[in-house]
Every structure is written in structure tokens, then in C-alpha cells.
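Visitor: Sending over work_9.cif (mmCIF, N, CA and C atoms).
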```cif
data_structure
loop_
_atom_site.label_atom_id
_atom_site.label_comp_id
_atom_site.auth_asym_id
_atom_site.auth_seq_id
_atom_site.Cartn_x
_atom_site.Cartn_y
_atom_site.Cartn_z
N MET G 10 0.74 -15.18 -25.25
CA MET G 10 1.46 -16.33 -24.75
C MET G 10 1.83 -16.10 -23.29
N LEU G 11 1.80 -17.14 -22.53
CA LEU G 11 2.14 -17.07 -21.12
C LEU G 11 3.61 -16.72 -20.96
N ASP G 12 3.94 -15.80 -20.06
CA ASP G 12 5.30 -15.33 -19.87
C ASP G 12 6.32 -16.44 -19.64
N PRO G 13 6.07 -17.46 -18.78
CA PRO G 13 7.06 -18.53 -18.61
C PRO G 13 7.37 -19.27 -19.91
N ILE G 14 6.36 -19.46 -20.76
CA ILE G 14 6.60 -20.12 -22.04
C ILE G 14 7.45 -19.22 -22.93
N GLN G 15 7.17 -17.92 -22.93
CA GLN G 15 7.99 -16.99 -23.70
C GLN G 15 9.44 -17.07 -23.27
N LYS G 16 9.68 -17.11 -21.96
CA LYS G 16 11.05 -17.22 -21.46
C LYS G 16 11.69 -18.52 -21.90
N PHE G 17 10.94 -19.61 -21.83
CA PHE G 17 11.45 -20.91 -22.25
C PHE G 17 11.86 -20.87 -23.72
N LEU G 18 10.99 -20.32 -24.56
CA LEU G 18 11.28 -20.23 -25.99
C LEU G 18 12.45 -19.29 -26.27
N GLN G 19 12.54 -18.20 -25.53
CA GLN G 19 13.69 -17.30 -25.66
C GLN G 19 14.98 -18.01 -25.27
N GLY G 20 14.90 -18.85 -24.26
CA GLY G 20 16.06 -19.63 -23.85
C GLY G 20 16.52 -20.57 -24.94
N ILE G 21 15.56 -21.20 -25.61
CA ILE G 21 15.92 -22.07 -26.73
C ILE G 21 16.54 -21.25 -27.86
N GLU G 22 15.89 -20.13 -28.21
CA GLU G 22 16.39 -19.29 -29.29
C GLU G 22 17.81 -18.81 -29.03
N SER G 23 18.13 -18.51 -27.78
CA SER G 23 19.46 -18.01 -27.43
C SER G 23 20.40 -19.13 -26.97
N LEU G 24 19.88 -20.37 -26.91
CA LEU G 24 20.64 -21.52 -26.41
C LEU G 24 21.25 -21.21 -25.05
N ASN G 25 20.42 -20.64 -24.17
CA ASN G 25 20.84 -20.21 -22.85
C ASN G 25 20.11 -21.06 -21.80
N THR G 26 20.83 -21.99 -21.18
CA THR G 26 20.19 -22.87 -20.21
C THR G 26 19.66 -22.13 -19.00
N LYS G 27 20.29 -21.03 -18.62
CA LYS G 27 19.83 -20.26 -17.45
C LYS G 27 18.45 -19.67 -17.71
N VAL G 28 18.17 -19.24 -18.94
CA VAL G 28 16.86 -18.69 -19.29
C VAL G 28 15.84 -19.83 -19.38
N ILE G 29 16.24 -20.96 -19.94
CA ILE G 29 15.34 -22.11 -20.04
C ILE G 29 14.92 -22.57 -18.65
N VAL G 30 15.83 -22.56 -17.70
CA VAL G 30 15.56 -23.05 -16.35
C VAL G 30 14.85 -22.03 -15.48
N ASP G 31 14.80 -20.79 -15.91
CA ASP G 31 14.15 -19.74 -15.12
C ASP G 31 12.78 -20.21 -14.68
N PRO G 32 12.43 -20.03 -13.41
CA PRO G 32 11.13 -20.51 -12.91
C PRO G 32 9.98 -20.04 -13.79
N PRO G 33 8.94 -20.88 -13.97
CA PRO G 33 8.69 -22.14 -13.28
C PRO G 33 9.29 -23.37 -13.94
N ALA G 34 10.10 -23.24 -14.97
CA ALA G 34 10.67 -24.43 -15.60
C ALA G 34 11.44 -25.27 -14.61
N ALA G 35 12.07 -24.62 -13.64
CA ALA G 35 12.87 -25.35 -12.67
C ALA G 35 12.01 -26.32 -11.87
N ASN G 36 10.73 -26.07 -11.82
CA ASN G 36 9.83 -26.95 -11.08
C ASN G 36 9.76 -28.34 -11.72
N ALA G 37 9.46 -28.39 -13.01
CA ALA G 37 9.37 -29.67 -13.70
C ALA G 37 9.19 -29.46 -15.19
N LEU G 38 9.66 -30.42 -15.95
CA LEU G 38 9.52 -30.39 -17.40
C LEU G 38 9.35 -31.83 -17.87
N MET G 39 8.42 -32.05 -18.80
CA MET G 39 8.22 -33.37 -19.38
C MET G 39 8.71 -33.34 -20.82
N ASP G 40 9.49 -34.35 -21.18
CA ASP G 40 9.98 -34.48 -22.55
C ASP G 40 9.90 -35.95 -22.92
N GLU G 41 9.09 -36.25 -23.94
CA GLU G 41 8.90 -37.62 -24.38
C GLU G 41 8.59 -38.56 -23.21
N PHE G 42 7.67 -38.15 -22.39
CA PHE G 42 7.16 -38.93 -21.26
C PHE G 42 8.18 -39.12 -20.14
N ARG G 43 9.27 -38.37 -20.18
CA ARG G 43 10.24 -38.41 -19.08
C ARG G 43 10.14 -37.09 -18.33
N LYS G 44 10.04 -37.20 -17.02
CA LYS G 44 9.92 -36.00 -16.20
C LYS G 44 11.29 -35.60 -15.68
N HIS G 45 11.58 -34.32 -15.82
CA HIS G 45 12.82 -33.73 -15.31
C HIS G 45 12.39 -32.75 -14.23
N GLN G 46 12.66 -33.06 -13.00
CA GLN G 46 12.18 -32.25 -11.89
C GLN G 46 13.35 -31.63 -11.14
N GLY G 47 13.23 -30.34 -10.87
CA GLY G 47 14.26 -29.61 -10.15
C GLY G 47 15.18 -28.87 -11.11
N CYS G 48 15.69 -27.76 -10.65
CA CYS G 48 16.49 -26.87 -11.47
C CYS G 48 17.69 -27.58 -12.11
N ALA G 49 18.43 -28.35 -11.35
CA ALA G 49 19.63 -29.00 -11.87
C ALA G 49 19.30 -30.00 -12.97
N LYS G 50 18.22 -30.75 -12.79
CA LYS G 50 17.84 -31.75 -13.80
C LYS G 50 17.30 -31.09 -15.07
N VAL G 51 16.52 -30.03 -14.93
CA VAL G 51 16.01 -29.31 -16.10
C VAL G 51 17.17 -28.66 -16.85
N GLU G 52 18.12 -28.09 -16.12
CA GLU G 52 19.27 -27.46 -16.77
C GLU G 52 20.12 -28.51 -17.50
N ALA G 53 20.33 -29.67 -16.89
CA ALA G 53 21.10 -30.74 -17.56
C ALA G 53 20.38 -31.20 -18.82
N TRP G 54 19.04 -31.34 -18.75
CA TRP G 54 18.25 -31.70 -19.93
C TRP G 54 18.41 -30.64 -21.02
N ALA G 55 18.30 -29.37 -20.65
CA ALA G 55 18.39 -28.28 -21.62
C ALA G 55 19.76 -28.28 -22.30
N GLN G 56 20.80 -28.50 -21.52
CA GLN G 56 22.15 -28.53 -22.09
C GLN G 56 22.28 -29.67 -23.10
N GLU G 57 21.86 -30.86 -22.69
CA GLU G 57 22.00 -32.04 -23.56
C GLU G 57 21.05 -31.97 -24.76
N ALA G 58 19.78 -31.73 -24.51
CA ALA G 58 18.77 -31.82 -25.56
C ALA G 58 18.77 -30.63 -26.51
N LEU G 59 19.09 -29.46 -26.01
CA LEU G 59 18.95 -28.25 -26.83
C LEU G 59 20.28 -27.60 -27.18
N VAL G 60 21.05 -27.24 -26.19
CA VAL G 60 22.29 -26.49 -26.44
C VAL G 60 23.31 -27.35 -27.19
N ASN G 61 23.54 -28.57 -26.73
CA ASN G 61 24.53 -29.43 -27.38
C ASN G 61 24.18 -29.76 -28.83
N HIS G 62 22.90 -29.70 -29.15
CA HIS G 62 22.45 -29.99 -30.51
C HIS G 62 22.13 -28.73 -31.31
N LYS G 63 22.49 -27.58 -30.74
CA LYS G 63 22.26 -26.29 -31.41
C LYS G 63 20.83 -26.18 -31.95
N ALA G 64 19.90 -26.43 -31.06
CA ALA G 64 18.48 -26.40 -31.42
C ALA G 64 18.06 -25.01 -31.89
N ALA G 65 17.21 -25.01 -32.89
CA ALA G 65 16.59 -23.78 -33.39
C ALA G 65 15.09 -24.02 -33.42
N ILE G 66 14.33 -22.99 -33.13
CA ILE G 66 12.89 -23.16 -33.01
C ILE G 66 12.16 -22.08 -33.81
N GLU G 67 11.08 -22.49 -34.46
CA GLU G 67 10.20 -21.57 -35.19
C GLU G 67 8.80 -21.74 -34.64
N ILE G 68 8.21 -20.65 -34.16
CA ILE G 68 6.85 -20.71 -33.60
C ILE G 68 5.86 -20.73 -34.76
N LEU G 69 4.99 -21.73 -34.76
CA LEU G 69 3.98 -21.86 -35.81
C LEU G 69 2.62 -21.37 -35.37
N ALA G 70 2.27 -21.62 -34.10
CA ALA G 70 0.95 -21.20 -33.59
C ALA G 70 0.98 -21.19 -32.07
N THR G 71 0.15 -20.35 -31.50
CA THR G 71 -0.02 -20.31 -30.05
C THR G 71 -1.51 -20.31 -29.74
N SER G 72 -1.85 -20.83 -28.59
CA SER G 72 -3.24 -20.78 -28.15
C SER G 72 -3.27 -20.62 -26.64
N GLU G 73 -4.28 -19.93 -26.18
CA GLU G 73 -4.47 -19.71 -24.76
C GLU G 73 -5.76 -20.39 -24.35
N GLY G 74 -5.65 -21.21 -23.34
CA GLY G 74 -6.82 -21.93 -22.86
C GLY G 74 -7.26 -21.43 -21.51
N ALA G 75 -8.24 -22.09 -21.00
CA ALA G 75 -8.77 -21.74 -19.68
C ALA G 75 -7.83 -22.23 -18.59
N ASP G 76 -7.99 -21.69 -17.42
CA ASP G 76 -7.28 -22.17 -16.23
C ASP G 76 -5.76 -22.10 -16.38
N GLU G 77 -5.27 -21.03 -16.98
CA GLU G 77 -3.83 -20.77 -17.11
C GLU G 77 -3.10 -21.85 -17.92
N ARG G 78 -3.76 -22.50 -18.83
CA ARG G 78 -3.13 -23.50 -19.67
C ARG G 78 -2.99 -22.94 -21.08
N HIS G 79 -1.80 -23.06 -21.62
CA HIS G 79 -1.50 -22.51 -22.93
C HIS G 79 -0.72 -23.53 -23.73
N ALA G 80 -0.73 -23.37 -25.05
CA ALA G 80 -0.01 -24.30 -25.91
C ALA G 80 0.71 -23.53 -27.01
N VAL G 81 1.86 -24.04 -27.39
CA VAL G 81 2.64 -23.50 -28.50
C VAL G 81 2.97 -24.65 -29.43
N HIS G 82 2.71 -24.45 -30.70
CA HIS G 82 3.10 -25.41 -31.73
C HIS G 82 4.31 -24.80 -32.42
N ALA G 83 5.41 -25.52 -32.43
CA ALA G 83 6.66 -25.01 -32.99
C ALA G 83 7.30 -26.08 -33.86
N ARG G 84 8.25 -25.64 -34.65
CA ARG G 84 9.07 -26.55 -35.45
C ARG G 84 10.50 -26.42 -34.94
N MET G 85 11.12 -27.55 -34.62
CA MET G 85 12.48 -27.54 -34.10
C MET G 85 13.41 -28.17 -35.11
N ASP G 86 14.60 -27.61 -35.18
CA ASP G 86 15.65 -28.14 -36.04
C ASP G 86 16.94 -28.04 -35.26
N GLY G 87 17.96 -28.69 -35.73
CA GLY G 87 19.25 -28.65 -35.07
C GLY G 87 20.10 -29.84 -35.49
N GLY G 88 21.19 -30.03 -34.80
CA GLY G 88 22.11 -31.10 -35.12
C GLY G 88 21.75 -32.39 -34.41
N PHE G 89 20.63 -32.98 -34.74
CA PHE G 89 20.13 -34.17 -34.05
C PHE G 89 20.46 -35.47 -34.78
N GLU G 90 21.06 -35.39 -35.95
CA GLU G 90 21.27 -36.59 -36.77
C GLU G 90 22.19 -37.62 -36.10
N ALA G 91 23.34 -37.21 -35.61
CA ALA G 91 24.32 -38.16 -35.06
C ALA G 91 23.76 -38.91 -33.85
N ASP G 92 23.08 -38.21 -32.96
CA ASP G 92 22.58 -38.85 -31.74
C ASP G 92 21.22 -39.51 -31.88
N TYR G 93 20.36 -38.95 -32.74
CA TYR G 93 18.98 -39.42 -32.80
C TYR G 93 18.52 -39.85 -34.20
N GLY G 94 19.36 -39.65 -35.21
CA GLY G 94 18.98 -40.00 -36.57
C GLY G 94 17.95 -39.07 -37.17
N ILE G 95 17.75 -37.92 -36.56
CA ILE G 95 16.75 -36.96 -37.05
C ILE G 95 17.44 -36.00 -38.03
N THR G 96 16.97 -36.02 -39.27
CA THR G 96 17.60 -35.18 -40.29
C THR G 96 16.73 -34.00 -40.72
N ASP G 97 15.46 -34.06 -40.44
CA ASP G 97 14.54 -33.00 -40.84
C ASP G 97 13.98 -32.29 -39.61
N PRO G 98 13.55 -31.03 -39.79
CA PRO G 98 12.88 -30.34 -38.69
C PRO G 98 11.65 -31.15 -38.25
N PHE G 99 11.30 -31.03 -36.97
CA PHE G 99 10.16 -31.78 -36.45
C PHE G 99 9.27 -30.87 -35.62
N ASP G 100 7.99 -31.26 -35.54
CA ASP G 100 7.01 -30.49 -34.79
C ASP G 100 7.20 -30.75 -33.30
N LEU G 101 6.92 -29.71 -32.54
CA LEU G 101 7.05 -29.74 -31.09
C LEU G 101 5.86 -29.00 -30.52
N TRP G 102 5.25 -29.56 -29.49
CA TRP G 102 4.14 -28.90 -28.80
C TRP G 102 4.55 -28.67 -27.36
N ILE G 103 4.40 -27.44 -26.91
CA ILE G 103 4.73 -27.07 -25.54
C ILE G 103 3.43 -26.68 -24.86
N HIS G 104 3.12 -27.35 -23.77
CA HIS G 104 1.89 -27.11 -23.04
C HIS G 104 2.22 -26.62 -21.65
N SER G 105 1.63 -25.51 -21.26
CA SER G 105 1.86 -25.03 -19.91
C SER G 105 0.83 -25.65 -18.98
N GLU G 106 1.25 -25.76 -17.76
CA GLU G 106 0.35 -26.18 -16.68
C GLU G 106 0.66 -25.28 -15.50
N LYS G 107 -0.18 -25.27 -14.54
CA LYS G 107 0.09 -24.48 -13.35
C LYS G 107 1.44 -24.93 -12.78
N GLY G 108 2.37 -23.99 -12.68
CA GLY G 108 3.66 -24.29 -12.09
C GLY G 108 4.67 -24.90 -13.05
N GLY G 109 4.42 -24.91 -14.34
CA GLY G 109 5.42 -25.46 -15.24
C GLY G 109 4.88 -25.68 -16.63
N TYR G 110 5.65 -26.34 -17.46
CA TYR G 110 5.21 -26.64 -18.81
C TYR G 110 5.84 -27.94 -19.27
N LYS G 111 5.29 -28.46 -20.36
CA LYS G 111 5.76 -29.73 -20.91
C LYS G 111 6.25 -29.50 -22.32
N GLY G 112 7.25 -30.23 -22.69
CA GLY G 112 7.76 -30.20 -24.06
C GLY G 112 7.38 -31.45 -24.78
#
```
Take the structure in this file and express it as C-alpha cells.
Guide:
Amino acid sequence: MLDPIQKFLQGIESLNTKVIVDPPAANALMDEFRKHQGCAKVEAWAQEALVNHKAAIEILATSEGADERHAVHARMDGGFEADYGITDPFDLWIHSEKGGYKG
């Protein structure tokens, strides 16, 4: 797995926004077709989307592609019911790109 993705996943596991934002995440992050660009915006997203909902992640599969592109298939769970109506764990795909990754 690509090191920046490992750091991102470790940040989620520890609910630590500083680890989640560690470069290159600070460059940009896509979540549900919304782009969060810059360290402050990525950190605010991480706080709201992950830390505030006590997100937990289970890695299901990883793949390494050509041209520094990698993917992680994970299952996420947490306290998402009140804000999003999500009661069951859901699949999440994280794709790296040069200079960042997408959720």
C-alpha cells in the first residue's frame, strides 16, 4: 500500500485529524464528489466526517496499479445514524492519485 494511504487509514483508525491531513492529503481530498482542497479544509472535513462520528475502518482489500495509483477497499462504521440515517457499516473505496487521494 502506498505510504500516504497508510497514513490516512492510520489517521482514521486513531481518529487523529493531524495524521489524516499529513501530506499529501492536505493537497486535496474528494468525498462524495465534493473536493476539499488545502490543509484547513481537509482537516475540517476529517473532524466532521470521521472524528465527530467516531468512524472505524476495516481494510478488506488493497491493490497497486500503474503510475503510482493505488486503491483500498474498506468497510466503515461509526455513529452516522443521527446525521445521515446510516445504521449499517458501508463500503468505502480510497483511490490514490499523484499528489493525493480520494475517498
Visitor: I need the residue nearest Ala58 (chain G) from this list: G:Ile21, G:Ile103, G:Ile14, G:Val28. Use only C-alpha atoms for the distance.
Guide: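 Smallest separation from Ala58 (chain G) among the options: G:Ile21.
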Visitor: Rounded to one decimal in Å, what is the spacing between atom N of Glu22 (chain G) and atom N of Ile66 (chain G)?
Guide: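 Result for atom N of Glu22 (chain G) versus atom N of Ile66 (chain G): 5.9 Å, one decimal.
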Visitor: What does the distance between CA of Ile95 (chain G) and CA of Ala80 (chain G) come to in Å, to one decimal place?
Guide: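 Atom-to-atom, CA of Ile95 (chain G) and CA of Ala80 (chain G) are spaced 23.8 Å apart.
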Visitor: What is the distance between atom N of Ala49 (chain G) and atom N of Val30 (chain G), in Å to one decimal?
Guide: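 Distance reported for this atom pair: 9.0 Å.
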Visitor: For the structure shown, which residues end up in the PyMOL selection byres (((chain G and resi 24 and name CA) around 10) and name CA)? Put them as a VMD selection string, please?
Guide: chain G and resid 18 to 23 25 to 29 55 to 56 59 to 65
